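For reference, model-v1.txt (compact mmCIF, C-alpha atoms):
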```txt
# COMPACT_ATOMS: atom_id res chain seq x y z
CA MET A 60 29.92 -11.47 -3.82
CA SER A 61 33.09 -12.80 -5.45
CA ILE A 62 34.11 -12.09 -9.05
CA GLU A 63 33.78 -15.80 -9.80
CA ARG A 64 30.21 -15.88 -8.49
CA SER A 65 29.15 -12.74 -10.34
CA THR A 66 30.72 -14.08 -13.54
CA GLU A 67 28.75 -17.31 -13.18
CA LEU A 68 25.51 -15.39 -12.62
CA LEU A 69 26.25 -13.28 -15.71
CA ARG A 70 26.72 -16.48 -17.72
CA GLN A 71 23.36 -17.76 -16.48
CA ALA A 72 21.52 -14.46 -17.02
CA LEU A 73 22.54 -13.81 -20.64
CA PRO A 74 20.60 -16.75 -22.17
CA TRP A 75 17.47 -15.64 -20.30
CA MET A 76 17.91 -12.05 -21.52
CA SER A 77 18.41 -13.12 -25.14
CA ARG A 78 15.10 -15.03 -25.18
CA GLN A 79 13.02 -11.98 -24.21
CA GLN A 80 11.41 -9.26 -26.32
CA ALA A 81 13.17 -6.55 -24.29
CA ALA A 82 16.47 -5.10 -25.41
CA LEU A 83 19.74 -6.00 -23.68
CA HIS A 84 20.31 -3.08 -21.32
CA PRO A 85 21.23 -2.57 -17.62
CA ILE A 86 17.62 -2.71 -16.40
CA SER A 87 17.05 -6.02 -18.17
CA TYR A 88 20.34 -7.34 -16.78
CA ALA A 89 19.40 -6.28 -13.23
CA VAL A 90 16.12 -8.18 -13.49
CA TRP A 91 17.68 -11.38 -14.78
CA PHE A 92 20.73 -11.15 -12.50
CA ASP A 93 18.45 -11.12 -9.45
CA TYR A 94 16.36 -13.85 -11.03
CA VAL A 95 19.20 -16.33 -11.50
CA ALA A 96 20.83 -15.36 -8.19
CA ARG A 97 17.61 -16.30 -6.35
CA THR A 98 18.17 -13.45 -3.90
CA ASN A 99 14.86 -11.72 -4.62
CA PRO A 100 11.99 -14.24 -4.20
CA PRO A 101 9.15 -11.76 -4.98
CA LEU A 102 10.87 -10.80 -8.25
CA ARG A 103 11.43 -14.43 -9.20
CA ALA A 104 7.80 -15.30 -8.48
CA ALA A 105 6.58 -12.32 -10.52
CA VAL A 106 8.84 -13.23 -13.47
CA ASP A 107 7.72 -16.87 -13.38
CA GLU A 108 4.08 -15.81 -13.31
CA HIS A 109 4.56 -13.45 -16.26
CA LEU A 110 6.46 -16.05 -18.29
CA ALA A 111 3.77 -18.64 -17.65
CA ARG A 112 1.13 -16.19 -18.84
CA GLU A 113 2.89 -14.33 -21.67
CA GLY A 114 5.88 -16.47 -22.64
CA SER A 115 8.43 -13.65 -22.49
CA LEU A 116 9.14 -10.19 -21.06
CA ASP A 117 8.74 -7.11 -23.21
CA GLU A 118 10.16 -3.66 -22.44
CA PHE A 119 7.07 -2.58 -20.51
CA ALA A 120 7.07 -5.68 -18.29
CA THR A 121 10.84 -5.53 -17.72
CA HIS A 122 10.76 -1.91 -16.56
CA ALA A 123 7.69 -2.59 -14.40
CA LEU A 124 9.40 -5.53 -12.69
CA PHE A 125 12.54 -3.45 -12.12
CA ALA A 126 10.56 -0.58 -10.61
CA ARG A 127 8.46 -2.89 -8.47
CA HIS A 128 11.07 -5.29 -7.11
CA ILE A 129 14.55 -3.79 -7.55
CA ALA A 130 14.54 0.01 -7.79
CA ASP A 131 13.51 0.44 -4.16
CA VAL A 132 12.22 -1.46 -1.19
CA ASP A 133 8.75 -2.86 -1.62
CA PRO A 134 6.52 -0.69 0.64
CA GLU A 135 4.30 -3.64 1.44
CA SER A 136 7.29 -5.70 2.56
CA ALA A 137 8.52 -2.85 4.72
CA GLN A 138 5.08 -2.61 6.28
CA ARG A 139 5.03 -6.33 7.00
CA VAL A 140 8.42 -6.10 8.73
CA VAL A 141 7.28 -3.25 10.95
CA ASP A 142 4.01 -5.02 11.75
CA GLY A 143 5.98 -8.12 12.72
CA MET A 144 8.19 -6.11 15.05
CA GLN A 145 5.08 -4.64 16.63
CA ARG A 146 3.61 -8.09 17.24
CA VAL A 147 6.86 -9.41 18.74
CA LEU A 148 7.26 -6.48 21.09
CA GLY A 149 3.60 -6.70 22.00
CA GLY A 150 4.06 -10.32 22.99
CA ILE A 151 7.13 -9.52 25.05
CA GLY A 152 5.30 -6.71 26.80
CA GLU A 153 2.38 -8.98 27.59
CA ALA A 154 4.76 -11.63 28.99
CA ALA A 155 6.51 -9.03 31.12
CA GLY A 156 3.16 -7.89 32.44
CA VAL A 157 2.24 -11.42 33.45
CA ALA A 158 5.64 -11.87 35.11
CA GLY A 159 5.18 -8.63 37.00
CA ALA A 160 1.79 -9.69 38.30
CA GLN A 161 3.24 -13.02 39.35
CA ALA A 162 6.03 -11.27 41.20
CA VAL A 163 3.44 -9.21 43.11
CA ARG A 164 1.60 -12.35 44.15
CA TYR A 165 4.88 -14.05 45.11
CA GLY A 166 5.92 -11.12 47.26
CA ALA A 167 2.58 -11.11 49.05
CA SER A 168 2.90 -14.83 49.81
CA LEU A 169 6.40 -14.39 51.21
CA ALA A 170 5.22 -11.48 53.33
CA GLN A 171 2.54 -13.68 54.87
CA LEU A 172 5.12 -16.39 55.55
CA ALA A 173 7.46 -13.91 57.19
CA GLY A 174 4.66 -12.71 59.47
CA ALA A 175 3.89 -16.25 60.52
CA LEU A 176 7.54 -16.94 61.29
CA GLU A 177 7.87 -13.82 63.42
CA ARG A 178 4.87 -14.96 65.47
CA GLY A 179 6.54 -18.33 65.93
CA ASP A 180 3.77 -19.97 63.89
CA THR A 181 6.18 -21.84 61.65
CA ALA A 182 4.95 -24.14 58.94
CA ARG A 183 5.40 -27.91 58.96
CA GLY A 184 6.79 -28.08 62.51
CA ILE A 185 9.79 -25.83 62.13
CA GLY A 186 10.58 -25.18 65.83
CA ARG A 187 7.47 -27.14 66.98
CA ASP A 188 6.15 -30.67 66.74
CA PRO A 189 2.95 -31.54 64.82
CA ARG A 190 0.86 -30.85 68.00
CA GLY A 191 2.33 -27.36 68.31
CA THR A 192 4.57 -28.26 71.24
CA PRO A 193 8.11 -26.89 71.07
CA ASP A 194 10.46 -29.56 69.73
CA PRO A 195 14.07 -29.01 70.82
CA ALA A 196 15.35 -31.53 68.23
CA VAL A 197 13.82 -29.59 65.39
CA ALA A 198 14.90 -26.29 66.85
CA HIS A 199 18.38 -27.67 67.37
CA ASN A 200 18.71 -29.15 63.87
CA GLY A 201 17.09 -26.27 61.93
CA PRO A 202 17.43 -22.49 62.02
CA ALA A 203 15.63 -20.59 64.72
CA PRO A 204 12.31 -18.98 63.64
CA ARG A 205 13.77 -15.48 63.89
CA GLN A 206 16.75 -16.40 61.76
CA LEU A 207 14.49 -17.96 59.12
CA ALA A 208 12.34 -14.81 59.13
CA ASP A 209 15.44 -12.78 58.37
CA VAL A 210 16.17 -15.01 55.40
CA VAL A 211 12.63 -14.62 54.13
CA ALA A 212 12.87 -10.86 54.59
CA GLU A 213 15.88 -10.83 52.35
CA VAL A 214 13.94 -12.85 49.75
CA ILE A 215 11.14 -10.31 49.99
CA ALA A 216 13.65 -7.52 49.44
CA ASP A 217 14.99 -9.34 46.41
CA THR A 218 11.46 -9.77 45.15
CA GLY A 219 10.91 -6.04 45.46
CA THR A 220 14.02 -5.44 43.41
CA MET A 221 12.77 -7.91 40.80
CA ARG A 222 9.43 -6.13 40.68
CA SER A 223 11.21 -2.82 40.18
CA GLN A 224 13.35 -4.26 37.40
CA ILE A 225 10.33 -5.76 35.66
CA GLY A 226 8.56 -2.41 35.98
CA GLY A 227 11.52 -0.77 34.27
CA LEU A 228 11.43 -3.42 31.57
CA GLN A 229 7.73 -2.82 31.02
CA GLN A 230 8.37 0.92 30.72
CA ARG A 231 11.18 0.37 28.23
CA LEU A 232 8.98 -1.96 26.21
CA ALA A 233 6.17 0.58 26.24
CA ASP A 234 8.62 3.22 24.98
CA SER A 235 9.83 0.80 22.30
CA ARG A 236 6.28 0.07 21.18
CA ARG A 237 5.61 3.79 20.83
CA GLU A 238 8.78 4.13 18.79
CA ILE A 239 7.77 1.20 16.58
CA GLU A 240 4.36 2.80 16.08
CA ARG A 241 6.06 6.04 15.06
CA LEU A 242 8.25 4.12 12.59
CA ARG A 243 5.21 2.31 11.23
CA ASN A 244 3.47 5.63 10.63
CA GLU A 245 6.58 6.86 8.83
CA VAL A 246 6.52 3.78 6.62
CA ARG A 247 2.86 4.43 5.84
CA ARG A 248 3.61 8.04 4.94
CA ALA A 249 6.58 7.00 2.80
CA ARG A 250 4.43 4.39 1.04
CA ASP A 251 1.68 6.92 0.42
CA ASP A 252 4.14 9.53 -0.83
CA ALA A 253 5.69 6.97 -3.18
CA LEU A 254 2.27 6.32 -4.73
CA ARG A 255 0.89 9.86 -4.71
CA ASP A 256 1.29 12.76 -7.12
CA SER A 257 2.46 15.62 -4.93
CA LEU A 258 0.74 18.38 -6.92
CA THR A 259 -2.76 16.94 -7.31
CA GLY A 260 -2.97 14.36 -4.54
CA LEU A 261 -4.04 11.69 -7.02
CA ALA A 262 -2.34 8.34 -7.54
CA ASN A 263 0.85 8.66 -9.59
CA ARG A 264 2.04 6.57 -12.54
CA ARG A 265 3.63 3.93 -10.35
CA ALA A 266 0.46 3.47 -8.31
CA PHE A 267 -1.63 3.33 -11.47
CA ASP A 268 0.60 0.67 -13.04
CA GLN A 269 0.33 -1.44 -9.90
CA ALA A 270 -3.44 -1.14 -9.83
CA LEU A 271 -3.72 -1.94 -13.53
CA ALA A 272 -1.48 -5.01 -13.23
CA ALA A 273 -3.43 -6.28 -10.22
CA CYS A 274 -6.74 -5.65 -11.97
CA ILE A 275 -5.70 -7.65 -15.05
CA VAL A 276 -4.37 -10.54 -12.97
CA ALA A 277 -7.57 -10.61 -10.94
CA ARG A 278 -9.77 -10.43 -14.02
CA THR A 279 -7.85 -13.25 -15.68
CA ALA A 280 -8.14 -15.35 -12.52
CA TYR A 281 -11.89 -14.77 -12.45
CA LEU A 282 -12.31 -15.77 -16.08
CA ASP A 283 -10.29 -18.91 -15.33
CA GLY A 284 -12.67 -19.73 -12.51
CA VAL A 285 -10.17 -18.96 -9.75
CA ALA A 286 -11.75 -15.93 -8.09
CA PRO A 287 -15.22 -14.35 -7.86
CA PRO A 288 -15.95 -11.11 -9.74
CA SER A 289 -15.68 -7.92 -7.75
CA GLY A 290 -19.25 -6.94 -8.34
CA ALA A 291 -20.55 -10.22 -6.99
CA ARG A 292 -18.54 -9.84 -3.83
CA GLN A 293 -18.71 -6.15 -2.94
CA GLY A 294 -20.90 -4.50 -5.50
CA GLY A 295 -17.88 -3.37 -7.49
CA ALA A 296 -16.82 -0.84 -4.84
CA VAL A 297 -13.23 -2.01 -4.62
CA ALA A 298 -9.99 -0.81 -6.14
CA THR A 299 -9.31 -4.20 -7.74
CA PRO A 300 -11.72 -6.93 -8.74
CA ALA A 301 -10.43 -9.93 -6.80
CA ALA A 302 -8.77 -10.98 -3.58
CA SER A 303 -5.39 -11.43 -5.26
CA ALA A 304 -5.26 -7.66 -5.80
CA ARG A 305 -6.18 -6.54 -2.28
CA ALA A 306 -2.66 -5.49 -1.35
CA ALA A 307 -2.32 -3.24 -4.38
CA GLY A 308 -5.83 -1.91 -3.79
CA ALA A 309 -4.97 -0.90 -0.23
CA ALA A 310 -1.91 0.99 -1.44
CA ILE A 311 -3.89 2.73 -4.14
CA ASP A 312 -6.66 3.67 -1.69
CA ALA A 313 -4.02 5.28 0.49
CA ALA A 314 -2.60 7.18 -2.45
CA MET A 315 -6.03 8.41 -3.50
CA ALA A 316 -7.01 9.58 -0.02
CA PRO A 317 -7.17 13.39 0.42
CA SER A 318 -3.91 14.78 1.76
CA ALA A 319 -3.92 17.52 4.36
CA SER A 320 -0.44 18.52 3.27
CA ARG A 321 -1.40 18.98 -0.36
CA PRO A 322 -1.50 22.58 -1.59
CA PRO A 323 -4.98 24.13 -1.69
CA THR A 324 -6.74 23.62 -4.98
CA HIS A 325 -9.12 25.78 -6.96
CA ARG A 326 -12.09 24.01 -8.46
CA PRO A 327 -13.44 25.16 -11.78
CA THR A 328 -16.46 27.42 -11.66
CA ALA A 329 -19.39 26.20 -13.75
CA SER A 330 -20.40 28.29 -16.72
CA ALA A 331 -23.42 28.30 -19.00
CA ALA A 332 -21.27 27.81 -22.08
CA ALA A 333 -21.87 24.44 -23.77
CA PRO A 334 -18.90 22.19 -24.51
CA THR A 335 -17.85 21.21 -27.98
CA THR A 336 -19.81 18.23 -29.30
CA ALA A 337 -17.88 14.98 -28.87
CA SER A 338 -17.53 12.34 -31.54
CA GLU A 339 -19.93 9.40 -31.34
CA PRO A 340 -18.21 6.12 -32.26
CA ALA A 341 -20.24 2.97 -31.99
CA ALA A 342 -20.23 1.10 -28.71
CA PRO A 343 -18.76 -2.40 -28.58
CA GLN A 344 -21.13 -5.16 -29.60
CA SER A 345 -20.37 -7.14 -26.45
CA ALA A 346 -22.19 -5.98 -23.33
CA ALA A 347 -19.93 -8.00 -21.01
CA ARG A 348 -18.67 -6.25 -17.92
CA GLY A 349 -14.99 -5.86 -17.25
CA PRO A 350 -12.16 -3.38 -16.73
CA TRP A 351 -12.21 -0.16 -18.75
CA LEU A 352 -9.36 2.29 -19.22
CA LEU A 353 -9.83 6.01 -19.87
CA VAL A 354 -6.78 8.09 -20.78
CA SER A 355 -7.03 11.83 -21.24
CA ASP A 356 -4.95 14.94 -21.90
CA ILE A 357 -5.73 18.56 -21.15
CA ASP A 358 -5.99 20.16 -24.56
CA HIS A 359 -3.34 22.75 -25.48
CA PHE A 360 -1.87 22.68 -21.99
CA GLN A 361 1.53 23.87 -23.17
CA ARG A 362 -0.15 26.94 -24.62
CA ILE A 363 -1.75 27.63 -21.23
CA ASN A 364 1.65 27.36 -19.55
CA ASP A 365 3.31 29.62 -22.12
CA ALA A 366 0.57 32.25 -22.02
CA HIS A 367 -0.10 32.41 -18.28
CA GLY A 368 2.91 30.85 -16.54
CA HIS A 369 3.57 27.59 -14.76
CA ALA A 370 1.87 28.71 -11.55
CA PHE A 371 -1.44 29.04 -13.36
CA GLY A 372 -0.71 25.78 -15.17
CA ASP A 373 -0.38 24.06 -11.80
CA GLN A 374 -3.67 25.62 -10.75
CA VAL A 375 -5.30 24.17 -13.86
CA LEU A 376 -3.93 20.70 -13.11
CA GLN A 377 -5.18 20.88 -9.51
CA ALA A 378 -8.60 22.07 -10.60
CA VAL A 379 -8.99 19.34 -13.22
CA ALA A 380 -7.84 16.71 -10.71
CA ASP A 381 -10.41 17.88 -8.15
CA ALA A 382 -13.17 17.97 -10.72
CA LEU A 383 -12.38 14.43 -11.93
CA ARG A 384 -11.99 13.07 -8.40
CA HIS A 385 -15.57 14.02 -7.55
CA GLN A 386 -16.98 12.37 -10.68
CA VAL A 387 -15.33 8.95 -10.82
CA PRO A 388 -17.06 5.80 -9.49
CA THR A 389 -16.17 4.38 -6.11
CA GLY A 390 -13.46 1.76 -6.40
CA SER A 391 -11.87 3.25 -9.50
CA THR A 392 -8.22 4.31 -9.69
CA LEU A 393 -7.70 7.88 -10.89
CA ALA A 394 -4.13 8.98 -11.51
CA ARG A 395 -2.05 11.76 -12.97
CA THR A 396 0.21 9.68 -15.17
CA ASP A 397 2.14 12.44 -16.94
CA GLY A 398 2.38 16.23 -17.09
CA GLU A 399 -1.15 16.99 -18.29
CA ALA A 400 -2.30 13.36 -18.64
CA PHE A 401 -4.89 11.72 -16.40
CA SER A 402 -5.87 8.05 -16.48
CA LEU A 403 -8.84 6.27 -14.96
CA LEU A 404 -9.17 2.52 -14.39
CA VAL A 405 -12.66 1.20 -13.68
CA PRO A 406 -12.46 -2.50 -12.71
CA ASP A 407 -16.04 -3.55 -13.46
CA LEU A 408 -18.26 -1.72 -15.95
CA ASP A 409 -20.34 -2.48 -19.03
CA ALA A 410 -19.88 -0.74 -22.38
CA ASP A 411 -22.82 1.67 -22.10
CA ALA A 412 -21.86 2.76 -18.60
CA ALA A 413 -18.22 3.18 -19.58
CA ARG A 414 -19.10 5.40 -22.53
CA ALA A 415 -21.52 7.43 -20.41
CA LEU A 416 -18.84 7.91 -17.77
CA ALA A 417 -16.30 9.12 -20.32
CA GLU A 418 -18.78 11.58 -21.81
CA ARG A 419 -19.77 12.85 -18.37
CA LEU A 420 -16.17 13.52 -17.38
CA HIS A 421 -15.52 15.22 -20.71
CA ARG A 422 -18.58 17.49 -20.37
CA HIS A 423 -17.88 18.30 -16.74
CA ILE A 424 -14.39 19.61 -17.45
CA GLY A 425 -15.39 21.37 -20.68
CA SER A 426 -18.31 23.23 -19.09
CA ALA A 427 -16.16 24.82 -16.41
CA ARG A 428 -13.95 27.89 -16.30
CA ILE A 429 -10.80 28.54 -14.30
CA ARG A 430 -10.23 32.14 -13.33
CA ARG A 431 -6.73 33.48 -12.97
CA PRO A 432 -6.05 35.26 -9.65
CA GLY A 433 -6.45 39.01 -10.03
CA GLN A 434 -7.74 38.67 -13.60
CA GLY A 435 -11.23 39.26 -14.89
CA ASP A 436 -11.11 36.70 -17.70
CA ALA A 437 -11.40 32.94 -17.22
CA GLU A 438 -9.78 30.06 -19.07
CA ARG A 439 -11.84 27.29 -20.60
CA VAL A 440 -10.19 23.90 -20.24
CA THR A 441 -11.11 20.86 -22.32
CA LEU A 442 -10.13 17.21 -22.38
CA SER A 443 -9.43 14.75 -25.15
CA VAL A 444 -10.34 11.27 -23.96
CA GLY A 445 -9.47 7.79 -25.24
CA LEU A 446 -11.52 4.87 -23.99
CA ALA A 447 -10.87 1.11 -24.28
CA PRO A 448 -12.18 -2.12 -22.69
CA PHE A 449 -9.90 -4.91 -21.56
CA ARG A 450 -9.69 -7.81 -23.99
CA VAL A 451 -9.28 -11.29 -22.61
CA GLY A 452 -5.74 -12.55 -23.07
CA GLU A 453 -4.09 -9.23 -23.91
CA THR A 454 -1.11 -7.85 -22.03
CA GLN A 455 -1.13 -4.77 -19.85
CA ARG A 456 0.93 -2.94 -22.46
CA ALA A 457 -1.53 -3.84 -25.23
CA PHE A 458 -4.45 -2.63 -23.10
CA VAL A 459 -2.74 0.72 -22.49
CA ASP A 460 -1.68 1.03 -26.15
CA ARG A 461 -5.26 0.66 -27.39
CA ALA A 462 -6.52 3.35 -25.01
CA GLU A 463 -3.67 5.68 -25.99
CA ALA A 464 -4.36 5.04 -29.68
CA ALA A 465 -7.94 6.18 -29.09
CA LEU A 466 -6.62 9.31 -27.39
CA LYS A 467 -4.41 10.06 -30.40
CA ARG A 468 -7.43 9.74 -32.66
CA ALA A 469 -9.34 12.19 -30.44
CA LYS A 470 -6.55 14.72 -30.86
CA ALA A 471 -6.26 14.10 -34.58
CA GLU A 472 -9.99 14.65 -35.04
CA GLY A 473 -9.88 18.07 -33.41
CA ARG A 474 -9.50 17.45 -29.66
CA ASP A 475 -12.18 18.13 -27.04
CA ARG A 476 -13.92 14.80 -27.60
CA VAL A 477 -14.22 11.17 -26.55
CA VAL A 478 -13.06 8.40 -28.87
CA LEU A 479 -13.69 4.71 -28.28
CA GLY A 480 -10.77 2.44 -29.08
CA ASP A 481 -10.89 -0.50 -31.45
```
Structure encoded using structure tokens:
Amino acid sequence: MSIERSTELLRQALPWMSRQQAALHPISYAVWFDYVARTNPPLRAAVDEHLAREGSLDEFATHALFARHIADVDPESAQRVVDGMQRVLGGIGEAAGVAGAQAVRYGASLAQLAGALERGDTARGIGRDPRGTPDPAVAHNGPAPRQLADVVAEVIADTGTMRSQIGGLQQRLADSRREIERLRNEVRRARDDALRDSLTGLANRRAFDQALAACIVARTAYLDGVAPPSGARQGGAVATPAASARAAGAAIDAAMAPSASRPPTHRPTASAAAPTTASEPAAPQSAARGPWLLVSDIDHFQRINDAHGHAFGDQVLQAVADALRHQVPTGSTLARTDGEAFSLLVPDLDADAARALAERLHRHIGSARIRRPGQGDAERVTLSVGLAPFRVGETQRAFVDRAEAALKRAKAEGRDRVVLGD
């Protein structure tokens, strides 16, 4: 790109940047540079959609757009490219197969013709008249039957060569298809790794943000009468509540799948000790179903690390992740979003069920013990949990902020409890 062109794009991007709620920084510039350059259609479509819905980009949205559309290659786009290559090569291989079969049939026909010529049984009077009587005029004007048979034999030889070449082509295409399949598997693994927390095997922050954004878009579309609710379509057992979020849901499902390469984990061992009593804020007056967000921190995790070492701290994180994974509803997105922070998005739940779920997760972790290897004593681990429902019309950042505010209240009130957000 020339200096003149980049200067013109800078001139176009600055007015857009100045009208947003985000600060003027390189990430914001990268987003708006690509936007005005029209070189990144998915980014432009995402920005237009956000502006139509929210009016401007804040810091959260700007960073999310940068991470999703600029920071690296979109895994879904990479998958579509590989799938397309697979379909193209599959079509070529099928065509080569048909051509090979045709060549076999053609060779057989020529072989039959050559046999007839050698017997002197030429077609259409070559060397004979229509009654089968030798015709000197025809024999004189055309090639002798034996000479014509030699020509046909050469054609048959050429056909054999063609068959051999097509066979080689089919083999090369088969090898190419296997290579494409290997590359596709590598793309899948790279996509999964990009969305998975390597220590716990849960979804990571990026995967969680994608699922949350898709869930909000789908919920808004449903409320606008554009899409059916998830529960009505599949009983709620999906990662996102509408068809517009299927792509993100598939990626999140892959990230949440158990990983054979993940380090072995140690589940907490249940104990008879009762957990600390959680606070009991009033449930929301509205019983409407919708997305709920639970954010939690392991209480005093830094103290655990300092007292017992990071290896035991990792064991605690793995154990908590395993315990939560076996308690969350099907179709939810569970993620490790920070060092000792875990978040859970449930796309379709009512207030009573959401509160009961949060309390159940809190009790399950608090009633367990994690024993250090080679030690007789066990560590009790507790969670502080903030819980919030999605409010119609609010942004993703506002939704997250309300859940995190509830978590802060849980810590301020003594930790080891569930607090419902405003």
Query - Pick from A:Asp411, A:Gly159, A:Ala277, A:Arg264 nearest to Gly227 (chain A), counting all atoms listed in the file - result: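 Using all atoms listed in the file, Gly227 (chain A) sits closest to A:Gly159.
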Query raised in the report: Suppose you want the space between CA of Asp381 (chain A) and CA of Val354 (chain A); what is it in Å?
Result: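 Spanning CA of Asp381 (chain A) to CA of Val354 (chain A) is a straight-line distance of 16.4 Å.
Nearest-residue note for Val440 (chain A): choosing from A:Gln455, A:Ile363, A:Lys467, A:Pro388, the minimum distance belongs to A:Ile363, counting all atoms listed in the file.
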Query raised in the report: What separation in Å, quoted to one decimal, exists between CA of Leu69 (chain A) and CA of Ala89 (chain A)?
Result: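 Taking CA of Leu69 (chain A) and CA of Ala89 (chain A), their separation equals 10.1 Å.
One finds CA of Arg450 (chain A) at 27.1 Å from CA of Arg422 (chain A).
Nearest residue to Val459 (chain A) among A:Glu472, A:Asp365, A:Asp268, A:Glu418 is A:Asp268, counting only C-alpha atoms.
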Requested in this report: Kindly provide, as a PyMOL selection string, the polymer residues lying within 12 Å of (-6.4, 14.5, -31.0), counting only C-alpha atoms and using the coordinates exactly as they appear in the file.
Outcome: chain A and resi 337-338+355-359+441-445+463-478
Query raised in the report: Smallest atom-to-atom distance to Ala378 (chain A): which of A:Leu271, A:Leu258, A:Ala447, A:Leu403, using only C-alpha atoms?
Result: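 Looking at the shortest contact to Ala378 (chain A), the residue is A:Leu258.
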Using all atoms listed in the file, give me every residue within 6 Å of (-13.5, 29.7, -19.3) in file coordinates, as a PDB file with C-alpha atoms, keeping the file's coordinate frame.
```pdb
ATOM      1  CA  ARG A 428     -13.950  27.890 -16.300  1.00  0.00           C
ATOM      2  CA  ILE A 429     -10.800  28.540 -14.300  1.00  0.00           C
ATOM      3  CA  ALA A 437     -11.400  32.940 -17.220  1.00  0.00           C
ATOM      4  CA  GLU A 438      -9.780  30.060 -19.070  1.00  0.00           C
ATOM      5  CA  ARG A 439     -11.840  27.290 -20.600  1.00  0.00           C
TER       6      ARG A 439
END
```
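Distances here use only C-alpha atoms; by that measure, the residue among A:Leu169, A:Asn364, A:Leu254, A:Ala262 closest to Asp217 (chain A) is A:Leu169.
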Could you pull region 95-112 of chain A out of the block above and give me N, CA and C atoms, as a PDB file, in the first residue's frame?
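Final output, saved to selection.pdb:
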```pdb
ATOM      1  N   VAL A  95     -12.395   1.361   7.170  1.00  0.00           N
ATOM      2  CA  VAL A  95     -12.484   2.294   6.046  1.00  0.00           C
ATOM      3  C   VAL A  95     -11.778   1.745   4.813  1.00  0.00           C
ATOM      4  N   ALA A  96     -10.799   0.857   4.993  1.00  0.00           N
ATOM      5  CA  ALA A  96     -10.100   0.271   3.849  1.00  0.00           C
ATOM      6  C   ALA A  96     -10.957  -0.771   3.134  1.00  0.00           C
ATOM      7  N   ARG A  97     -11.964  -1.285   3.808  1.00  0.00           N
ATOM      8  CA  ARG A  97     -12.870  -2.299   3.246  1.00  0.00           C
ATOM      9  C   ARG A  97     -12.104  -3.549   2.816  1.00  0.00           C
ATOM     10  N   THR A  98     -11.066  -3.880   3.540  1.00  0.00           N
ATOM     11  CA  THR A  98     -10.286  -5.084   3.231  1.00  0.00           C
ATOM     12  C   THR A  98     -10.639  -6.253   4.142  1.00  0.00           C
ATOM     13  N   ASN A  99     -11.514  -6.017   5.108  1.00  0.00           N
ATOM     14  CA  ASN A  99     -11.880  -7.040   6.086  1.00  0.00           C
ATOM     15  C   ASN A  99     -13.408  -7.066   6.211  1.00  0.00           C
ATOM     16  N   PRO A 100     -14.104  -7.702   5.263  1.00  0.00           N
ATOM     17  CA  PRO A 100     -15.573  -7.682   5.271  1.00  0.00           C
ATOM     18  C   PRO A 100     -16.221  -8.179   6.569  1.00  0.00           C
ATOM     19  N   PRO A 101     -15.717  -9.274   7.200  1.00  0.00           N
ATOM     20  CA  PRO A 101     -16.348  -9.690   8.463  1.00  0.00           C
ATOM     21  C   PRO A 101     -16.259  -8.613   9.542  1.00  0.00           C
ATOM     22  N   LEU A 102     -15.099  -7.926   9.624  1.00  0.00           N
ATOM     23  CA  LEU A 102     -14.962  -6.853  10.604  1.00  0.00           C
ATOM     24  C   LEU A 102     -15.944  -5.731  10.290  1.00  0.00           C
ATOM     25  N   ARG A 103     -16.030  -5.331   9.050  1.00  0.00           N
ATOM     26  CA  ARG A 103     -16.926  -4.231   8.684  1.00  0.00           C
ATOM     27  C   ARG A 103     -18.376  -4.581   9.018  1.00  0.00           C
ATOM     28  N   ALA A 104     -18.773  -5.812   8.717  1.00  0.00           N
ATOM     29  CA  ALA A 104     -20.140  -6.233   9.023  1.00  0.00           C
ATOM     30  C   ALA A 104     -20.391  -6.232  10.530  1.00  0.00           C
ATOM     31  N   ALA A 105     -19.404  -6.684  11.305  1.00  0.00           N
ATOM     32  CA  ALA A 105     -19.561  -6.712  12.759  1.00  0.00           C
ATOM     33  C   ALA A 105     -19.639  -5.294  13.333  1.00  0.00           C
ATOM     34  N   VAL A 106     -18.817  -4.379  12.811  1.00  0.00           N
ATOM     35  CA  VAL A 106     -18.858  -2.992  13.280  1.00  0.00           C
ATOM     36  C   VAL A 106     -20.201  -2.355  12.933  1.00  0.00           C
ATOM     37  N   ASP A 107     -20.664  -2.560  11.703  1.00  0.00           N
ATOM     38  CA  ASP A 107     -21.951  -1.986  11.302  1.00  0.00           C
ATOM     39  C   ASP A 107     -23.083  -2.506  12.174  1.00  0.00           C
ATOM     40  N   GLU A 108     -23.043  -3.800  12.467  1.00  0.00           N
ATOM     41  CA  GLU A 108     -24.087  -4.384  13.318  1.00  0.00           C
ATOM     42  C   GLU A 108     -24.055  -3.776  14.722  1.00  0.00           C
ATOM     43  N   HIS A 109     -22.851  -3.620  15.266  1.00  0.00           N
ATOM     44  CA  HIS A 109     -22.729  -3.052  16.611  1.00  0.00           C
ATOM     45  C   HIS A 109     -23.182  -1.594  16.631  1.00  0.00           C
ATOM     46  N   LEU A 110     -22.788  -0.830  15.624  1.00  0.00           N
ATOM     47  CA  LEU A 110     -23.196   0.580  15.573  1.00  0.00           C
ATOM     48  C   LEU A 110     -24.706   0.716  15.437  1.00  0.00           C
ATOM     49  N   ALA A 111     -25.321  -0.152  14.648  1.00  0.00           N
ATOM     50  CA  ALA A 111     -26.769  -0.096  14.495  1.00  0.00           C
ATOM     51  C   ALA A 111     -27.478  -0.421  15.798  1.00  0.00           C
ATOM     52  N   ARG A 112     -26.848  -1.270  16.614  1.00  0.00           N
ATOM     53  CA  ARG A 112     -27.474  -1.696  17.861  1.00  0.00           C
ATOM     54  C   ARG A 112     -27.147  -0.768  19.030  1.00  0.00           C
TER      55      ARG A 112
END
```
